[in-house]
Every structure is written in structure tokens, then in C-alpha cells.
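Working notes, beginning with the structure itself.
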Amino acid sequence: MTTGQIVGQIDDPQMRHESLAGPREGIDAFISTPTRGAAMTKATKHDSPEFLLVPAGRMRVSYGDTALEMSHGDALVVRPRTPCGLRALGDRSARFLSVHQKETP
């Protein structure tokens, strides 16, 4: 069982990801912080629904043929196999929580 603490970290030029679920949990759960000024991230898709929650800042989310702006407290469920990309908006840091079923190799 994971207790909500950070169990790993991945940094790339566009985003910092802090993993909240261990490798045996069956889900991927990340708190991610996009780099300010970064372009829209490359669209990714998952085999299961993805839950997104924005606890801080503002973001533009593009999924399928839809794009919308999300801010503090907004949540979204992205359907399985729907490409989804995002970028931070504004001067303040944005953060989001992403949870989806772990992909099987």
C-alpha cells in the first residue's frame, strides 16, 4: 500500500513528474508540474480512462478534438485511447494529478 508520499521522480525538459504509486500498485498516479513557457506536451494516450485534477494554476488541455482551459479544482476524465496533451498557462506554476491504470507491456 502506498501512503500518498512521493515514491519516485522523473524530470524532462517540459515537466517534472512525482510518482505517488509504487511499481506493484496497478495504477500510475503522478503529480506533475509543467515547465512554464513549455509548448503543448506530446499527446499521449492510455488503454484505460485517465483522471486529471488541477490543484494549482491554469492549464490548457487538448484531448481528441477538444481543447479546454482548466484551473484550480477542475477535474476531467479522458476516455481510453484518446490522445491528450497539455501546457501551463499564466505566470504561476501549474500542477496536476494524473491517475490511470498501469499499462501492461
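Chain labels run A, B, ... following the order of the C-alpha cells; each chain numbers its residues from 1, and ligands are numbered from 1 in the order shown.
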
Mind checking which residues fall within 12 Å of Ser98 of chain A, counting only C-alpha atoms, ignoring those fewer than 6 positions away in the same chain, and posting them as JSON, numbers by chain? {"A": [17, 18, 19, 20, 21, 27, 28, 29, 30, 31, 32, 33, 46, 49, 50, 51, 52, 53, 54, 55, 75, 76, 77, 78, 84, 86]}

Output for the residues just chosen: N, CA and C atoms as a JSON list (two decimals), in the first residue's frame:
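Final file, again37.json:
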[["chain", "number", "residue", "atom", "x", "y", "z"],
["A", 17, "HIS", "N", 7.62, 15.06, -12.95],
["A", 17, "HIS", "CA", 6.61, 14.10, -12.51],
["A", 17, "HIS", "C", 7.04, 13.52, -11.16],
["A", 18, "GLU", "N", 6.14, 13.53, -10.20],
["A", 18, "GLU", "CA", 6.39, 12.91, -8.90],
["A", 18, "GLU", "C", 5.41, 11.74, -8.76],
["A", 19, "SER", "N", 5.94, 10.53, -8.72],
["A", 19, "SER", "CA", 5.12, 9.33, -8.66],
["A", 19, "SER", "C", 4.58, 9.11, -7.25],
["A", 20, "LEU", "N", 3.28, 8.81, -7.16],
["A", 20, "LEU", "CA", 2.64, 8.56, -5.87],
["A", 20, "LEU", "C", 2.29, 7.09, -5.67],
["A", 21, "ALA", "N", 2.55, 6.25, -6.67],
["A", 21, "ALA", "CA", 2.21, 4.83, -6.58],
["A", 21, "ALA", "C", 3.45, 4.00, -6.88],
["A", 27, "ILE", "N", -1.64, 0.95, -10.64],
["A", 27, "ILE", "CA", -2.02, 2.24, -11.22],
["A", 27, "ILE", "C", -0.78, 3.11, -11.34],
["A", 28, "ASP", "N", -0.86, 4.08, -12.24],
["A", 28, "ASP", "CA", 0.12, 5.15, -12.30],
["A", 28, "ASP", "C", -0.57, 6.39, -11.74],
["A", 29, "ALA", "N", 0.01, 6.99, -10.74],
["A", 29, "ALA", "CA", -0.51, 8.21, -10.13],
["A", 29, "ALA", "C", 0.64, 9.19, -9.99],
["A", 30, "PHE", "N", 0.51, 10.34, -10.64],
["A", 30, "PHE", "CA", 1.57, 11.34, -10.66],
["A", 30, "PHE", "C", 1.02, 12.70, -10.31],
["A", 31, "ILE", "N", 1.81, 13.48, -9.60],
["A", 31, "ILE", "CA", 1.61, 14.92, -9.50],
["A", 31, "ILE", "C", 2.66, 15.49, -10.45],
["A", 32, "SER", "N", 2.22, 16.26, -11.42],
["A", 32, "SER", "CA", 3.14, 16.78, -12.43],
["A", 32, "SER", "C", 3.10, 18.29, -12.47],
["A", 33, "THR", "N", 4.26, 18.88, -12.73],
["A", 33, "THR", "CA", 4.41, 20.33, -12.82],
["A", 33, "THR", "C", 5.01, 20.67, -14.18],
["A", 46, "HIS", "N", -3.70, 6.33, -23.18],
["A", 46, "HIS", "CA", -3.63, 5.16, -22.32],
["A", 46, "HIS", "C", -4.76, 4.20, -22.67],
["A", 49, "PRO", "N", -9.19, 4.73, -18.82],
["A", 49, "PRO", "CA", -9.51, 6.14, -18.60],
["A", 49, "PRO", "C", -8.41, 6.79, -17.76],
["A", 50, "GLU", "N", -8.20, 8.09, -17.98],
["A", 50, "GLU", "CA", -7.23, 8.86, -17.19],
["A", 50, "GLU", "C", -7.98, 9.97, -16.47],
["A", 51, "PHE", "N", -7.79, 10.05, -15.16],
["A", 51, "PHE", "CA", -8.39, 11.10, -14.34],
["A", 51, "PHE", "C", -7.37, 12.21, -14.15],
["A", 52, "LEU", "N", -7.75, 13.44, -14.46],
["A", 52, "LEU", "CA", -6.88, 14.61, -14.26],
["A", 52, "LEU", "C", -7.54, 15.57, -13.29],
["A", 53, "LEU", "N", -6.78, 16.09, -12.34],
["A", 53, "LEU", "CA", -7.24, 17.09, -11.37],
["A", 53, "LEU", "C", -6.19, 18.19, -11.30],
["A", 54, "VAL", "N", -6.63, 19.45, -11.37],
["A", 54, "VAL", "CA", -5.71, 20.59, -11.29],
["A", 54, "VAL", "C", -5.84, 21.22, -9.90],
["A", 55, "PRO", "N", -4.87, 20.98, -8.99],
["A", 55, "PRO", "CA", -4.93, 21.60, -7.67],
["A", 55, "PRO", "C", -4.34, 23.01, -7.63],
["A", 75, "ALA", "N", -11.54, 19.11, -12.78],
["A", 75, "ALA", "CA", -11.19, 17.71, -13.00],
["A", 75, "ALA", "C", -11.76, 17.26, -14.34],
["A", 76, "LEU", "N", -11.16, 16.22, -14.88],
["A", 76, "LEU", "CA", -11.54, 15.72, -16.20],
["A", 76, "LEU", "C", -11.21, 14.23, -16.26],
["A", 77, "VAL", "N", -12.08, 13.47, -16.90],
["A", 77, "VAL", "CA", -11.77, 12.07, -17.20],
["A", 77, "VAL", "C", -11.61, 11.96, -18.72],
["A", 78, "VAL", "N", -10.45, 11.50, -19.15],
["A", 78, "VAL", "CA", -10.16, 11.32, -20.57],
["A", 78, "VAL", "C", -10.43, 9.86, -20.92],
["A", 84, "CYS", "N", -4.00, 12.93, -25.45],
["A", 84, "CYS", "CA", -4.16, 14.04, -24.53],
["A", 84, "CYS", "C", -2.81, 14.76, -24.37],
["A", 86, "LEU", "N", -1.00, 18.77, -22.95],
["A", 86, "LEU", "CA", -1.29, 19.92, -22.10],
["A", 86, "LEU", "C", -0.12, 20.88, -22.03]]

Contact residues around Gly64 of chain A with only C-alpha atoms at 10 Å, ignoring same-chain residues under 5 positions, as number ranges by chain: A: 43, 45, 78-79, 81-85

If you run DSSP on the backbone here, which positions in chain A get strand (DSSP E)? Please write them as a PDB file with N, CA and C atoms, in the first residue's frame.
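Contents of out06.pdb, freshly written:
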ATOM      1  N   GLY A   8       8.923   8.308  -6.320  1.00  0.00           N
ATOM      2  CA  GLY A   8       9.878   8.430  -7.418  1.00  0.00           C
ATOM      3  C   GLY A   8       9.685   9.747  -8.129  1.00  0.00           C
ATOM      4  N   GLN A   9      10.665  10.122  -8.935  1.00  0.00           N
ATOM      5  CA  GLN A   9      10.604  11.404  -9.631  1.00  0.00           C
ATOM      6  C   GLN A   9      11.207  11.255 -11.017  1.00  0.00           C
ATOM      7  N   ILE A  10      10.557  11.877 -11.999  1.00  0.00           N
ATOM      8  CA  ILE A  10      11.053  11.902 -13.376  1.00  0.00           C
ATOM      9  C   ILE A  10      11.047  13.356 -13.818  1.00  0.00           C
ATOM     10  N   ASP A  11      12.165  13.841 -14.308  1.00  0.00           N
ATOM     11  CA  ASP A  11      12.250  15.193 -14.838  1.00  0.00           C
ATOM     12  C   ASP A  11      12.562  15.126 -16.321  1.00  0.00           C
ATOM     13  N   ASP A  12      11.859  15.920 -17.112  1.00  0.00           N
ATOM     14  CA  ASP A  12      12.196  16.076 -18.519  1.00  0.00           C
ATOM     15  C   ASP A  12      12.116  17.567 -18.831  1.00  0.00           C
ATOM     16  N   MET A  15       8.464  18.908 -18.155  1.00  0.00           N
ATOM     17  CA  MET A  15       7.654  18.606 -16.991  1.00  0.00           C
ATOM     18  C   MET A  15       8.413  17.828 -15.924  1.00  0.00           C
ATOM     19  N   ARG A  16       8.031  18.052 -14.670  1.00  0.00           N
ATOM     20  CA  ARG A  16       8.528  17.257 -13.542  1.00  0.00           C
ATOM     21  C   ARG A  16       7.377  16.377 -13.078  1.00  0.00           C
ATOM     22  N   HIS A  17       7.621  15.061 -12.952  1.00  0.00           N
ATOM     23  CA  HIS A  17       6.606  14.103 -12.512  1.00  0.00           C
ATOM     24  C   HIS A  17       7.039  13.518 -11.163  1.00  0.00           C
ATOM     25  N   GLU A  18       6.135  13.528 -10.202  1.00  0.00           N
ATOM     26  CA  GLU A  18       6.388  12.906  -8.902  1.00  0.00           C
ATOM     27  C   GLU A  18       5.413  11.742  -8.758  1.00  0.00           C
ATOM     28  N   SER A  19       5.942  10.527  -8.717  1.00  0.00           N
ATOM     29  CA  SER A  19       5.115   9.326  -8.664  1.00  0.00           C
ATOM     30  C   SER A  19       4.583   9.107  -7.254  1.00  0.00           C
ATOM     31  N   ILE A  27      -1.645   0.950 -10.638  1.00  0.00           N
ATOM     32  CA  ILE A  27      -2.022   2.238 -11.218  1.00  0.00           C
ATOM     33  C   ILE A  27      -0.780   3.113 -11.341  1.00  0.00           C
ATOM     34  N   ASP A  28      -0.864   4.083 -12.236  1.00  0.00           N
ATOM     35  CA  ASP A  28       0.122   5.154 -12.300  1.00  0.00           C
ATOM     36  C   ASP A  28      -0.571   6.389 -11.738  1.00  0.00           C
ATOM     37  N   ALA A  29       0.014   6.990 -10.737  1.00  0.00           N
ATOM     38  CA  ALA A  29      -0.515   8.210 -10.127  1.00  0.00           C
ATOM     39  C   ALA A  29       0.638   9.193  -9.993  1.00  0.00           C
ATOM     40  N   PHE A  30       0.512  10.336 -10.643  1.00  0.00           N
ATOM     41  CA  PHE A  30       1.569  11.338 -10.659  1.00  0.00           C
ATOM     42  C   PHE A  30       1.018  12.704 -10.308  1.00  0.00           C
ATOM     43  N   ILE A  31       1.814  13.481  -9.595  1.00  0.00           N
ATOM     44  CA  ILE A  31       1.611  14.925  -9.502  1.00  0.00           C
ATOM     45  C   ILE A  31       2.658  15.492 -10.447  1.00  0.00           C
ATOM     46  N   SER A  32       2.221  16.261 -11.425  1.00  0.00           N
ATOM     47  CA  SER A  32       3.139  16.777 -12.432  1.00  0.00           C
ATOM     48  C   SER A  32       3.101  18.295 -12.467  1.00  0.00           C
ATOM     49  N   THR A  33       4.263  18.884 -12.729  1.00  0.00           N
ATOM     50  CA  THR A  33       4.413  20.335 -12.822  1.00  0.00           C
ATOM     51  C   THR A  33       5.015  20.666 -14.180  1.00  0.00           C
ATOM     52  N   PRO A  34       4.189  21.202 -15.108  1.00  0.00           N
ATOM     53  CA  PRO A  34       4.734  21.587 -16.412  1.00  0.00           C
ATOM     54  C   PRO A  34       5.706  22.761 -16.272  1.00  0.00           C
ATOM     55  N   GLU A  50      -8.202   8.094 -17.981  1.00  0.00           N
ATOM     56  CA  GLU A  50      -7.230   8.861 -17.189  1.00  0.00           C
ATOM     57  C   GLU A  50      -7.984   9.971 -16.467  1.00  0.00           C
ATOM     58  N   PHE A  51      -7.786  10.053 -15.163  1.00  0.00           N
ATOM     59  CA  PHE A  51      -8.390  11.098 -14.341  1.00  0.00           C
ATOM     60  C   PHE A  51      -7.365  12.209 -14.153  1.00  0.00           C
ATOM     61  N   LEU A  52      -7.748  13.445 -14.458  1.00  0.00           N
ATOM     62  CA  LEU A  52      -6.883  14.612 -14.262  1.00  0.00           C
ATOM     63  C   LEU A  52      -7.542  15.570 -13.286  1.00  0.00           C
ATOM     64  N   LEU A  53      -6.779  16.093 -12.335  1.00  0.00           N
ATOM     65  CA  LEU A  53      -7.243  17.092 -11.371  1.00  0.00           C
ATOM     66  C   LEU A  53      -6.189  18.187 -11.295  1.00  0.00           C
ATOM     67  N   VAL A  54      -6.628  19.447 -11.365  1.00  0.00           N
ATOM     68  CA  VAL A  54      -5.706  20.586 -11.291  1.00  0.00           C
ATOM     69  C   VAL A  54      -5.838  21.219  -9.901  1.00  0.00           C
ATOM     70  N   PRO A  55      -4.869  20.979  -8.988  1.00  0.00           N
ATOM     71  CA  PRO A  55      -4.935  21.602  -7.668  1.00  0.00           C
ATOM     72  C   PRO A  55      -4.338  23.008  -7.626  1.00  0.00           C
ATOM     73  N   ALA A  56      -3.584  23.400  -8.659  1.00  0.00           N
ATOM     74  CA  ALA A  56      -2.951  24.730  -8.644  1.00  0.00           C
ATOM     75  C   ALA A  56      -2.675  25.201 -10.060  1.00  0.00           C
ATOM     76  N   ARG A  58      -3.169  27.185 -13.880  1.00  0.00           N
ATOM     77  CA  ARG A  58      -4.045  27.055 -15.042  1.00  0.00           C
ATOM     78  C   ARG A  58      -3.331  26.273 -16.135  1.00  0.00           C
ATOM     79  N   MET A  59      -4.097  25.450 -16.858  1.00  0.00           N
ATOM     80  CA  MET A  59      -3.527  24.638 -17.924  1.00  0.00           C
ATOM     81  C   MET A  59      -4.472  24.592 -19.106  1.00  0.00           C
ATOM     82  N   ARG A  60      -3.909  24.406 -20.285  1.00  0.00           N
ATOM     83  CA  ARG A  60      -4.699  24.128 -21.485  1.00  0.00           C
ATOM     84  C   ARG A  60      -4.549  22.640 -21.745  1.00  0.00           C
ATOM     85  N   VAL A  61      -5.668  21.955 -21.861  1.00  0.00           N
ATOM     86  CA  VAL A  61      -5.682  20.511 -22.089  1.00  0.00           C
ATOM     87  C   VAL A  61      -6.330  20.251 -23.441  1.00  0.00           C
ATOM     88  N   SER A  62      -5.657  19.479 -24.258  1.00  0.00           N
ATOM     89  CA  SER A  62      -6.168  19.092 -25.569  1.00  0.00           C
ATOM     90  C   SER A  62      -6.343  17.585 -25.543  1.00  0.00           C
ATOM     91  N   TYR A  63      -7.565  17.126 -25.824  1.00  0.00           N
ATOM     92  CA  TYR A  63      -7.808  15.685 -25.864  1.00  0.00           C
ATOM     93  C   TYR A  63      -8.784  15.381 -26.991  1.00  0.00           C
ATOM     94  N   THR A  66     -11.017  18.076 -28.794  1.00  0.00           N
ATOM     95  CA  THR A  66     -11.452  19.096 -27.843  1.00  0.00           C
ATOM     96  C   THR A  66     -10.262  19.732 -27.149  1.00  0.00           C
ATOM     97  N   ALA A  67     -10.355  21.023 -26.866  1.00  0.00           N
ATOM     98  CA  ALA A  67      -9.345  21.722 -26.069  1.00  0.00           C
ATOM     99  C   ALA A  67     -10.088  22.590 -25.062  1.00  0.00           C
ATOM    100  N   LEU A  68      -9.574  22.645 -23.853  1.00  0.00           N
ATOM    101  CA  LEU A  68     -10.200  23.479 -22.839  1.00  0.00           C
ATOM    102  C   LEU A  68      -9.164  23.985 -21.850  1.00  0.00           C
ATOM    103  N   GLU A  69      -9.541  25.014 -21.117  1.00  0.00           N
ATOM    104  CA  GLU A  69      -8.686  25.565 -20.071  1.00  0.00           C
ATOM    105  C   GLU A  69      -9.182  25.031 -18.738  1.00  0.00           C
ATOM    106  N   MET A  70      -8.233  24.553 -17.935  1.00  0.00           N
ATOM    107  CA  MET A  70      -8.563  24.046 -16.601  1.00  0.00           C
ATOM    108  C   MET A  70      -7.801  24.874 -15.573  1.00  0.00           C
ATOM    109  N   SER A  71      -8.419  25.053 -14.408  1.00  0.00           N
ATOM    110  CA  SER A  71      -7.760  25.783 -13.329  1.00  0.00           C
ATOM    111  C   SER A  71      -8.072  25.110 -11.998  1.00  0.00           C
ATOM    112  N   ALA A  75     -11.544  19.115 -12.778  1.00  0.00           N
ATOM    113  CA  ALA A  75     -11.187  17.710 -12.997  1.00  0.00           C
ATOM    114  C   ALA A  75     -11.759  17.259 -14.338  1.00  0.00           C
ATOM    115  N   LEU A  76     -11.159  16.224 -14.880  1.00  0.00           N
ATOM    116  CA  LEU A  76     -11.536  15.717 -16.197  1.00  0.00           C
ATOM    117  C   LEU A  76     -11.208  14.235 -16.257  1.00  0.00           C
ATOM    118  N   VAL A  77     -12.075  13.465 -16.899  1.00  0.00           N
ATOM    119  CA  VAL A  77     -11.769  12.066 -17.202  1.00  0.00           C
ATOM    120  C   VAL A  77     -11.608  11.958 -18.717  1.00  0.00           C
ATOM    121  N   VAL A  78     -10.450  11.497 -19.145  1.00  0.00           N
ATOM    122  CA  VAL A  78     -10.159  11.323 -20.567  1.00  0.00           C
ATOM    123  C   VAL A  78     -10.430   9.859 -20.919  1.00  0.00           C
ATOM    124  N   CYS A  84      -4.000  12.926 -25.455  1.00  0.00           N
ATOM    125  CA  CYS A  84      -4.158  14.044 -24.530  1.00  0.00           C
ATOM    126  C   CYS A  84      -2.812  14.756 -24.367  1.00  0.00           C
ATOM    127  N   GLY A  85      -2.810  16.075 -24.568  1.00  0.00           N
ATOM    128  CA  GLY A  85      -1.619  16.896 -24.363  1.00  0.00           C
ATOM    129  C   GLY A  85      -1.987  18.095 -23.512  1.00  0.00           C
ATOM    130  N   LEU A  86      -0.995  18.773 -22.950  1.00  0.00           N
ATOM    131  CA  LEU A  86      -1.285  19.924 -22.095  1.00  0.00           C
ATOM    132  C   LEU A  86      -0.117  20.883 -22.034  1.00  0.00           C
ATOM    133  N   ARG A  87      -0.411  22.094 -21.537  1.00  0.00           N
ATOM    134  CA  ARG A  87       0.635  23.063 -21.264  1.00  0.00           C
ATOM    135  C   ARG A  87       0.149  24.013 -20.180  1.00  0.00           C
ATOM    136  N   ALA A  88       1.087  24.567 -19.444  1.00  0.00           N
ATOM    137  CA  ALA A  88       0.771  25.521 -18.386  1.00  0.00           C
ATOM    138  C   ALA A  88       0.397  26.863 -18.998  1.00  0.00           C
ATOM    139  N   LEU A  89      -0.490  27.599 -18.347  1.00  0.00           N
ATOM    140  CA  LEU A  89      -0.887  28.937 -18.761  1.00  0.00           C
ATOM    141  C   LEU A  89      -0.582  29.912 -17.635  1.00  0.00           C
ATOM    142  N   ARG A  95       0.009  22.717 -11.568  1.00  0.00           N
ATOM    143  CA  ARG A  95       0.237  21.331 -11.155  1.00  0.00           C
ATOM    144  C   ARG A  95      -1.011  20.544 -11.489  1.00  0.00           C
ATOM    145  N   PHE A  96      -0.819  19.264 -11.772  1.00  0.00           N
ATOM    146  CA  PHE A  96      -1.992  18.417 -11.965  1.00  0.00           C
ATOM    147  C   PHE A  96      -1.710  17.008 -11.455  1.00  0.00           C
ATOM    148  N   LEU A  97      -2.776  16.340 -11.061  1.00  0.00           N
ATOM    149  CA  LEU A  97      -2.729  14.948 -10.643  1.00  0.00           C
ATOM    150  C   LEU A  97      -3.269  14.126 -11.797  1.00  0.00           C
ATOM    151  N   SER A  98      -2.561  13.077 -12.171  1.00  0.00           N
ATOM    152  CA  SER A  98      -2.980  12.158 -13.228  1.00  0.00           C
ATOM    153  C   SER A  98      -3.008  10.749 -12.650  1.00  0.00           C
ATOM    154  N   VAL A  99      -4.133  10.072 -12.835  1.00  0.00           N
ATOM    155  CA  VAL A  99      -4.257   8.689 -12.360  1.00  0.00           C
ATOM    156  C   VAL A  99      -4.864   7.843 -13.466  1.00  0.00           C
ATOM    157  N   HIS A 100      -4.228   6.732 -13.777  1.00  0.00           N
ATOM    158  CA  HIS A 100      -4.762   5.777 -14.741  1.00  0.00           C
ATOM    159  C   HIS A 100      -4.221   4.402 -14.422  1.00  0.00           C
ATOM    160  N   GLN A 101      -4.862   3.383 -14.953  1.00  0.00           N
ATOM    161  CA  GLN A 101      -4.420   2.011 -14.745  1.00  0.00           C
ATOM    162  C   GLN A 101      -3.047   1.815 -15.367  1.00  0.00           C
TER     163      GLN A 101
END

Taken to one decimal, the atom CA of Ser48 of chain A-atom CA of Pro23 of chain A distance is 17.2 Å

For atom CA of Met40 of chain A and atom CA of Pro13 of chain A, determine how far apart the two atoms are, in Å to one decimal place. 12.0 Å
